[in-house]
Amino acid sequence: KKGEFYFFIDEYTKKILKSTTTNKAGGKFQGQVVSLWDLLHSKYITEEKRRDLVQQFKSGTITIEYFLEQVLTIIQQKTSSSTITTTTTTTTTTQTKQAPTFQGIKKEVTAEELLKSKIIDKKLYEDLSAGKVTADHISKMDSVRKYLQGTDCIAGVFVQSTKQTMSIYDAKSKGLLTPGTSLVLLEAQAATGFVIDPVKNKKLSVEEAVAQGVVGTDWKNKLLSAERAVTGYNDPHTGNTISLFQALKKDLIVKDHGIRLLEAQIATGGIIDPVYSHRVPVEVAYQRGYFNEEMNQILSDPGDDTKGFFDPNTQENLTYLQLIERCVKDPATGLSLLVIAKKGEFYFFIDEHTKKILKSTTTNKAGGKFQGQVVSLWDLLHSKYITEEKRRDLVQQFKSGTITIEYFLEQVLTIIQQKTSSSTITTTTTTTTTTQTKQAPTFQGIKKEVTAEELLKSKIIDKKLYEDLSAGKVTADHISKMDSVRKYLQGTDCIAGVFVQSTKQTMSIYDAKSKGLLTPGTSLVLLEAQAATGFVIDPVKNKKLSVEEAVAQGVVGTDWKNKLLSAERAVTGYNDPHTGNTISLFQALKKDLIVKDHGIRLLEAQIATGGIIDPVYSHRVPVEVAYQRGYFDEEMNQILSDPTDDTKGFFDPNTQENLTYLQLIERCVKDPATGLSLLVIAKKGEFYFFIDEHTKKILKSTTTNKAGGKFQGQVVSLWDLLHSKYITEEKRRDLVQQFKSGTITIEYFLEQVLTIIQQKTSSSTITTTTTTTTTTQTKQAPTFQGIKKEVTAEELLKSKIIDKKLYEDLSAGKVTADHISKMDSVRKYLQGTDCIAGVFVQSTKQTMSIYDAKSKGLLTPGTSLVLLEAQAATGFVIDPVKNKKLSVEEAVAQGVVGTDWKNKLLSAERAVTGYNDPHTGNTISLFQALKKDLIVKDHGIRLLEAQIATGGIIDPVYSHRVPVEVAYQRGYFDEEMNQILSDPTDDTKGFFDPNTQENLTYLQLIERCVKDPATGLSLLVIVKKGEFYFFIDEYTKKILKSTTTNKAGGKFQGQVVSLWDLLHSKYITEEKRRDLVQQFKSGTITIEYFLEQVLTIIQQKTSSSTITTTTTTTTTTQTKQAPTFQGIKKEVTAEELLKSKIIDKKLYEDLSAGKVTADHISKMDSVRKYLQGTDCIAGVFVQSTKQTMSIYDAKSKGLLTPGTSLVLLEAQAATGFVIDPVKNKKLSVEEAVAQGVVGTDWKNKLLSAERAVTGYNDPHTGNTISLFQALKKDLIVKDHGIRLLEAQIATGGIIDPVYSHRVPVEVAYQRGYFDEEMNQILSDPGDDTKGFFDPNTKENLTYLQLIERCVKDPNTGLSLLLLKK
């Protein structure tokens, strides 16, 4: 209970006890190497003695040697052993004058090691050996000291208001830093060598820091863990010491945490070699496996991914290096201190933009220690020559624009000259003069001039136009105004501002945000899109501005300056941290220099406004040029061609829809004065005109070559004509509304637009061409009614729906198309089987449509929508009251569904009619659209599963379903998707039973429906709370499907058929089906009797003569020669134990010869472990009341949370049995539920976990497979499966479900029940595999760790989880 003492052995102590070994123990350990941990938990040491010794050791009263000695003495006394010997090995390091050493981080480093690590060269090494130079001299060299001692870490804080220096921990305790910020700074200290006391200027180990109160005991373990980045991690497989990076690669530490510590090491001098205890150059780190190119790239990335530190003054995420660079130096100690400024105080720091300028400004004219070197202004500014005060003053002057960068450099060089008495200072300024001649005119690009040569190279102008320009036949001004050129030089319209419909007012995006007309999120992405496409726009003054200008003129606020400067780099280019080159937005995205979603949004905006921008030449480029220059690729083109929500990074505030930038621009209105595109803002209740995507698609696909004016002689879409200068805004609205309402046809719409253009351009003739395809049907080629259109007999033959013989009979007139259509094997593919057509309200006996059930509150909107989408995706929306099949358009028109869901259902209907491939224009299937990411994965899988459950995958080209093998051939399906859909886990359970609150597959939900006796439609039953709801659960269904017979009459004559299919045939009434199932589930009848009853009914209805049921009984004959052993769920043979390497050949022969009994072998520790396993967590022990209770009872009494209880009970079920710790009984899940040890609410979950023992069914082969194999086949959720596996291993080993016993690891490998990768995951002490929870300490632990914290019940020997107040 709260406040009670809770004894347990912490992980640090446990590690020491497990690593302390001896071969001197007596008793059962005689002659073995055994750990102190195992001795301590053996039968020789009482619970009380164990507690006493551990507490003495943890308090420091006894050493580990004395601890071991005490334990060995107790064992000796209890086993009458004679001698105890403990061995202590001491390593003596001999230092000689010939081999001087250097002080590393935690230990001495030899000169040889410095040479090997390329920290000193061969010449210096030889000079040291010859005594020409001392170790002390070498240690003080900058190039060596950096690797031996490192550079500054952030040592503490400096409180600006009080001028006080304090430690990180003190700053946390005083509320100046948050715990999170403090912890990462202290971990960075520990991971770079030492915890720092900045007041006393002391470097301390974590143990020393805790002892001296520099940090509190609450963070000791976390900091000890971080300190291992210096001292090294233990490789659980080899026992070797490995580095931080290697531990990260082996998943021994959490990725984000490890990257943060690595970045801190690199920022303070380099990666630490834990073996030799010093830092190493990057190339040496590569060679030793302490670093690699991929990690170098991650850490070179200035994105938020590796910004694991935080400036508490500006609330920015920064890298460790960036945060160090903002620190001040303590003048007394030289330590770097993080400044803490109070709210409202001025906080000086150098922003990233200024820093970049200072680092890129270089000179070779500095004196002093920089004499003769090329050095940056940044390094000069932070040298010993420039005071803190002077540095601040110069930076502030530069940032305010008072001084130029050249003057800044001159000032710094002058100061250094004065301090070092250098004689001359020269600064070189290189000026590039651009000479323009008449022969080489330039064009205005986005940010700079563009040459004619560059336009030619970029394929924006052709060779003929270039030559005409050179010859003076055409001017640059004329070319600039050509549509084909202007598009690339200036781009097309971006969204420039907003138009408030109610007030007719135009305003900037930022003003609309400030007035609450747009949310900050919507406003920011629109302004970033402006910056990334060239300029921030002032739509009121019609001005194009750079971000700096926009901020200066108040068009945007200073709060968004940095974000917009970052977006502007999509135009001006990003700096490649590896080469220093200017790279494009796409290249920066590929190098992970910007966040993927953000980068894709900006790219999409560029493409929507004219094309991808070349940051080197400052103009847009055609797609093929973007490909050549590496500014774009096919994969990204596909992503951006995808009309799904993935690339819809923009938002229509009026309709609350996610849209692409292009779609949002197309909804804008033009400002009549400026021509700028403005986003309309409509008040709630106002009419908002826009062209929906469905209408837009029709307008874009309707084309003509008969338009006049600027479109003369071109094939142009109605969409483009409608948005041309010839059609007014008012006329456009009027025509679109007439078309959408059905008042005019698309042909009349086109005619009206062409007439207007003709009148305005005085064109003479307008012709519209309509192509009609006539299908001629002859008697020789009868057709069949498919889902949406006619299907030929040839197509049925090609699709393997009919065979060649039937095809020939049809052609010869021996059989009619009508007869073939009615064959079950054909009708299934032409019309499909039942979908869920509506609902049946049990209390009122009323049938209603899905949409009506939603409207009446009987179904949630979410459940209703997925059911209606499944209808649309399998052929038709159903009106179950009138028994009508309707297209989505018809269903909306007839009120069967509301207009609010029209677009969603039209989208789902494309699973039948096909999707348009944006690259080829071809019609593609649902699966192909899913593979091309044209639809969201979960949504697509749900629709596919519905098609398969209702007859098969639909071919959108021929409008019928196809057999699986044909779907494979046509690319409409593949093995991987088949496996996903065969998986009975929650992943593909996209539907929901509103009565039981279960997630189910579509097939499972159909199987729970009732048939409408009048129409035969499948209806989902809706029961009121408290009403009885009949359905067949999955467990019973599995039994019914696996029980087969070949003795049924009627339509099943001569077939092998399942009891499930017989039960759902026309011969068995709904009432009889319910009655038999309920009798079977209650145990009143057996499965054999159930089958017999069904066969009898079918016989009576079909007048069949005989019914025979066959029951096969397997008899196990046991002989004295072949004794068996009790496994977990069944008997195990001696042969199986031999094969499984649980017994050896000698023991097997002794057993066969009668020299040893099976009972004797069963009791051997080495055998019992595999047959029965070791202890699981059987129950709980309430410390305050001394009461033992079951896990479920502890949950019911509120002593354990449901989550903790469930994982413990699943672990019991997955390791053999559910335990009743009060009665000391091992029970199957069914028995445990029947006896009330667990509630019925968890029965299904525990039956599922029990399959880790009895095995899973492979849906492809029908074989029994193990837990691990089921995990590999994605039949169970990964985290869940890993948790159960870990529980099995912690209780004796992985269970073989075929033979029902545990197996050694190497046998598990051989049988495919385990592999090296999973072994590594489960050997990882990180939170990833800590699937269990100590309710007393609130820690996540492995199952083994939690078992080790349990107490033994003295009566039963069961392990009980201790619960304290």
# chains A, B, ... in the order shown; residues from 1 in each chain; ligands from 1
$ select_by_dssp --residues "region 339-379 of chain A" --states "alpha helix (DSSP H)" --output "list of chain:residue names"
A:Glu352, A:His353, A:Thr354, A:Lys355, A:Lys356, A:Ile357, A:Leu358, A:Lys359, A:Ser360, A:Leu377, A:Trp378, A:Asp379
$ write_last_selection --atoms "N, CA and C atoms" --output "compact mmCIF listing (two decimals), in the first residue's frame"
# COMPACT_ATOMS: atom_id res chain seq x y z
N GLU A 352 20.43 31.72 -36.18
CA GLU A 352 21.04 30.80 -37.15
C GLU A 352 21.38 31.50 -38.47
N HIS A 353 20.53 32.43 -38.90
CA HIS A 353 20.77 33.13 -40.16
C HIS A 353 22.05 33.97 -40.08
N THR A 354 22.19 34.72 -38.97
CA THR A 354 23.40 35.55 -38.77
C THR A 354 24.63 34.65 -38.62
N LYS A 355 24.46 33.58 -37.86
CA LYS A 355 25.56 32.65 -37.63
C LYS A 355 26.10 32.10 -38.96
N LYS A 356 25.15 31.76 -39.86
CA LYS A 356 25.53 31.22 -41.17
C LYS A 356 26.39 32.23 -41.94
N ILE A 357 25.99 33.51 -41.87
CA ILE A 357 26.76 34.56 -42.56
C ILE A 357 28.15 34.67 -41.95
N LEU A 358 28.21 34.65 -40.61
CA LEU A 358 29.51 34.79 -39.92
C LEU A 358 30.43 33.61 -40.22
N LYS A 359 29.85 32.42 -40.33
CA LYS A 359 30.66 31.23 -40.60
C LYS A 359 31.12 31.17 -42.05
N SER A 360 30.32 31.76 -42.97
CA SER A 360 30.68 31.70 -44.39
C SER A 360 31.58 32.88 -44.82
N LEU A 377 34.88 34.41 -39.79
CA LEU A 377 34.59 35.53 -38.89
C LEU A 377 33.99 35.00 -37.58
N TRP A 378 33.21 33.93 -37.69
CA TRP A 378 32.63 33.30 -36.48
C TRP A 378 33.72 32.86 -35.50
N ASP A 379 34.74 32.17 -36.02
CA ASP A 379 35.83 31.69 -35.15
C ASP A 379 36.63 32.84 -34.57
$ select_by_dssp --residues "region 1015-1244 of chain A" --states "strand (DSSP E or B)" --output "JSON, numbers by chain"
{"A": [1018, 1019, 1020, 1021, 1022, 1044, 1045, 1057, 1058, 1124, 1125, 1126, 1131, 1132, 1133, 1177, 1178, 1179, 1180, 1181, 1182, 1187, 1188, 1189, 1218, 1219, 1220, 1225, 1226, 1227]}
$ write_last_selection --atoms "C-alpha atoms" --output "tab-separated table (two decimals), in the first residue's frame"
chain	number	residue	atom	x	y	z
A	1018	SER	CA	-29.03	-9.86	-45.84
A	1019	LEU	CA	-29.96	-7.48	-43.01
A	1020	LEU	CA	-27.85	-6.45	-40.03
A	1021	VAL	CA	-29.79	-7.08	-36.82
A	1022	ILE	CA	-30.07	-4.13	-34.42
A	1044	THR	CA	-17.46	-31.91	-42.91
A	1045	THR	CA	-19.47	-34.74	-44.49
A	1057	VAL	CA	-19.60	-29.98	-47.52
A	1058	SER	CA	-19.19	-28.31	-44.13
A	1124	THR	CA	5.16	-41.22	-22.44
A	1125	PHE	CA	5.60	-38.01	-20.49
A	1126	GLN	CA	2.99	-35.44	-19.51
A	1131	GLU	CA	1.41	-36.73	-23.80
A	1132	VAL	CA	4.97	-36.54	-25.20
A	1133	THR	CA	6.96	-39.59	-26.39
A	1177	ILE	CA	3.09	-15.04	-12.27
A	1178	ALA	CA	0.23	-17.02	-10.74
A	1179	GLY	CA	-1.60	-14.36	-8.73
A	1180	VAL	CA	-1.06	-11.48	-6.33
A	1181	PHE	CA	-0.10	-11.22	-2.67
A	1182	VAL	CA	-1.54	-8.17	-0.89
A	1187	GLN	CA	-4.04	-12.22	1.26
A	1188	THR	CA	-3.43	-14.28	-1.90
A	1189	MET	CA	-5.85	-13.71	-4.78
A	1218	VAL	CA	-4.68	-19.96	-16.26
A	1219	ILE	CA	-3.85	-20.29	-12.56
A	1220	ASP	CA	-6.19	-20.29	-9.57
A	1225	LYS	CA	-5.21	-25.26	-9.80
A	1226	LYS	CA	-4.00	-25.11	-13.41
A	1227	LEU	CA	-6.91	-24.58	-15.80
$ closest_residue --among "A:Ser843, A:Gln444, A:Thr414, A:Gln371" --to "Val1023 (chain A)" --atoms "only C-alpha atoms"
A:Ser843
$ closest_atom_pairs --of "region 522-564 of chain A" --to "region 568-582 of chain A" --cutoff "10 Å" --atoms "only C-alpha atoms" --output "Markdown table"
| residue | atom | partner | partner_atom | distance |
| --- | --- | --- | --- | --- |
| A:Glu528 | CA | A:Glu568 | CA | 7.6 |
| A:Ala529 | CA | A:Glu568 | CA | 8.9 |
| A:Gln530 | CA | A:Glu568 | CA | 8.4 |
| A:Ala531 | CA | A:Glu568 | CA | 4.8 |
| A:Ala532 | CA | A:Glu568 | CA | 4.9 |
| A:Thr533 | CA | A:Val571 | CA | 6.6 |
| A:Gly534 | CA | A:Val571 | CA | 6.2 |
| A:Phe535 | CA | A:Glu568 | CA | 8.0 |
| A:Val536 | CA | A:Glu568 | CA | 9.2 |
| A:Ser546 | CA | A:Glu568 | CA | 8.2 |
| A:Val547 | CA | A:Glu568 | CA | 7.3 |
| A:Asn562 | CA | A:Glu568 | CA | 9.7 |
| A:Lys563 | CA | A:Glu568 | CA | 8.7 |
| A:Leu564 | CA | A:Glu568 | CA | 6.0 |
$ write_last_selection --atoms "C-alpha atoms" --output "compact mmCIF listing (two decimals), in the first residue's frame"
# COMPACT_ATOMS: atom_id res chain seq x y z
CA GLU A 528 4.64 29.47 -46.62
CA ALA A 529 3.26 28.59 -50.06
CA GLN A 530 3.60 32.27 -51.07
CA ALA A 531 7.20 32.44 -49.82
CA ALA A 532 8.06 29.09 -51.47
CA THR A 533 6.69 30.18 -54.85
CA GLY A 534 8.56 33.48 -55.03
CA PHE A 535 7.16 36.28 -52.90
CA VAL A 536 4.91 37.18 -49.99
CA SER A 546 10.67 39.16 -49.98
CA VAL A 547 10.06 37.78 -46.48
CA ASN A 562 11.80 32.44 -39.28
CA LYS A 563 9.24 29.97 -40.60
CA LEU A 564 8.75 32.04 -43.76
$ residues_around --residues "Cys1176 (chain A)" --least-positions-apart "2" --cutoff "7 Å" --atoms "only C-alpha atoms" --output "ChimeraX atom specification"
/A:1174,1178,1212,1291,1359
$ write_last_selection --atoms "N, CA, C and O atoms" --output "PDB file, in the first residue's frame"
ATOM      1  N   THR A1174       8.805 -23.344 -16.050  1.00  0.00           N
ATOM      2  CA  THR A1174       9.063 -22.800 -14.718  1.00  0.00           C
ATOM      3  C   THR A1174       7.883 -21.895 -14.357  1.00  0.00           C
ATOM      4  O   THR A1174       6.922 -21.787 -15.108  1.00  0.00           O
ATOM      5  N   ALA A1178       1.450 -16.238 -10.938  1.00  0.00           N
ATOM      6  CA  ALA A1178       0.234 -17.017 -10.744  1.00  0.00           C
ATOM      7  C   ALA A1178      -0.907 -16.211 -10.131  1.00  0.00           C
ATOM      8  O   ALA A1178      -2.078 -16.559 -10.293  1.00  0.00           O
ATOM      9  N   GLN A1212      -0.277 -15.972 -18.619  1.00  0.00           N
ATOM     10  CA  GLN A1212      -0.602 -17.291 -18.049  1.00  0.00           C
ATOM     11  C   GLN A1212      -1.102 -18.219 -19.158  1.00  0.00           C
ATOM     12  O   GLN A1212      -0.594 -19.338 -19.334  1.00  0.00           O
ATOM     13  N   THR A1291       9.603 -18.448 -18.877  1.00  0.00           N
ATOM     14  CA  THR A1291       9.058 -19.527 -18.044  1.00  0.00           C
ATOM     15  C   THR A1291       9.490 -20.903 -18.549  1.00  0.00           C
ATOM     16  O   THR A1291       8.753 -21.874 -18.412  1.00  0.00           O
ATOM     17  N   SER A1359       4.542 -18.250  -7.746  1.00  0.00           N
ATOM     18  CA  SER A1359       5.079 -16.885  -7.733  1.00  0.00           C
ATOM     19  C   SER A1359       3.916 -15.899  -7.705  1.00  0.00           C
ATOM     20  O   SER A1359       3.042 -15.942  -8.574  1.00  0.00           O
TER      21      SER A1359
END
$ decode --residues "region 230-268 of chain A" --atoms "C-alpha atoms" --output "compact mmCIF listing (two decimals), in the first residue's frame"
# COMPACT_ATOMS: atom_id res chain seq x y z
CA VAL A 230 31.66 6.93 -22.21
CA THR A 231 32.46 3.67 -20.42
CA GLY A 232 30.72 1.46 -22.97
CA TYR A 233 27.73 -0.87 -23.14
CA ASN A 234 27.80 -4.63 -22.64
CA ASP A 235 26.93 -6.61 -25.77
CA PRO A 236 24.43 -9.22 -24.46
CA HIS A 237 25.50 -11.71 -27.15
CA THR A 238 29.31 -11.52 -26.89
CA GLY A 239 29.92 -9.84 -23.53
CA ASN A 240 32.22 -7.31 -25.29
CA THR A 241 32.28 -3.61 -24.50
CA ILE A 242 30.62 -1.71 -27.35
CA SER A 243 30.24 1.98 -28.13
CA LEU A 244 27.20 4.24 -27.98
CA PHE A 245 26.63 3.98 -31.74
CA GLN A 246 27.00 0.19 -31.72
CA ALA A 247 24.52 -0.07 -28.83
CA LEU A 248 22.16 2.13 -30.85
CA LYS A 249 22.50 -0.13 -33.91
CA LYS A 250 21.78 -3.20 -31.76
CA ASP A 251 18.66 -1.50 -30.31
CA LEU A 252 20.11 -1.60 -26.79
CA ILE A 253 19.09 2.03 -26.38
CA VAL A 254 16.16 4.09 -27.68
CA LYS A 255 17.01 5.73 -31.02
CA ASP A 256 16.16 9.37 -30.14
CA HIS A 257 18.01 9.13 -26.85
CA GLY A 258 21.10 7.59 -28.46
CA ILE A 259 21.17 10.15 -31.29
CA ARG A 260 21.00 12.97 -28.72
CA LEU A 261 23.98 11.59 -26.80
CA LEU A 262 25.98 10.98 -30.01
CA GLU A 263 25.33 14.54 -31.15
CA ALA A 264 26.53 15.84 -27.76
CA GLN A 265 29.77 13.82 -28.07
CA ILE A 266 30.44 15.10 -31.59
CA ALA A 267 29.67 18.69 -30.51
CA THR A 268 32.23 18.42 -27.68
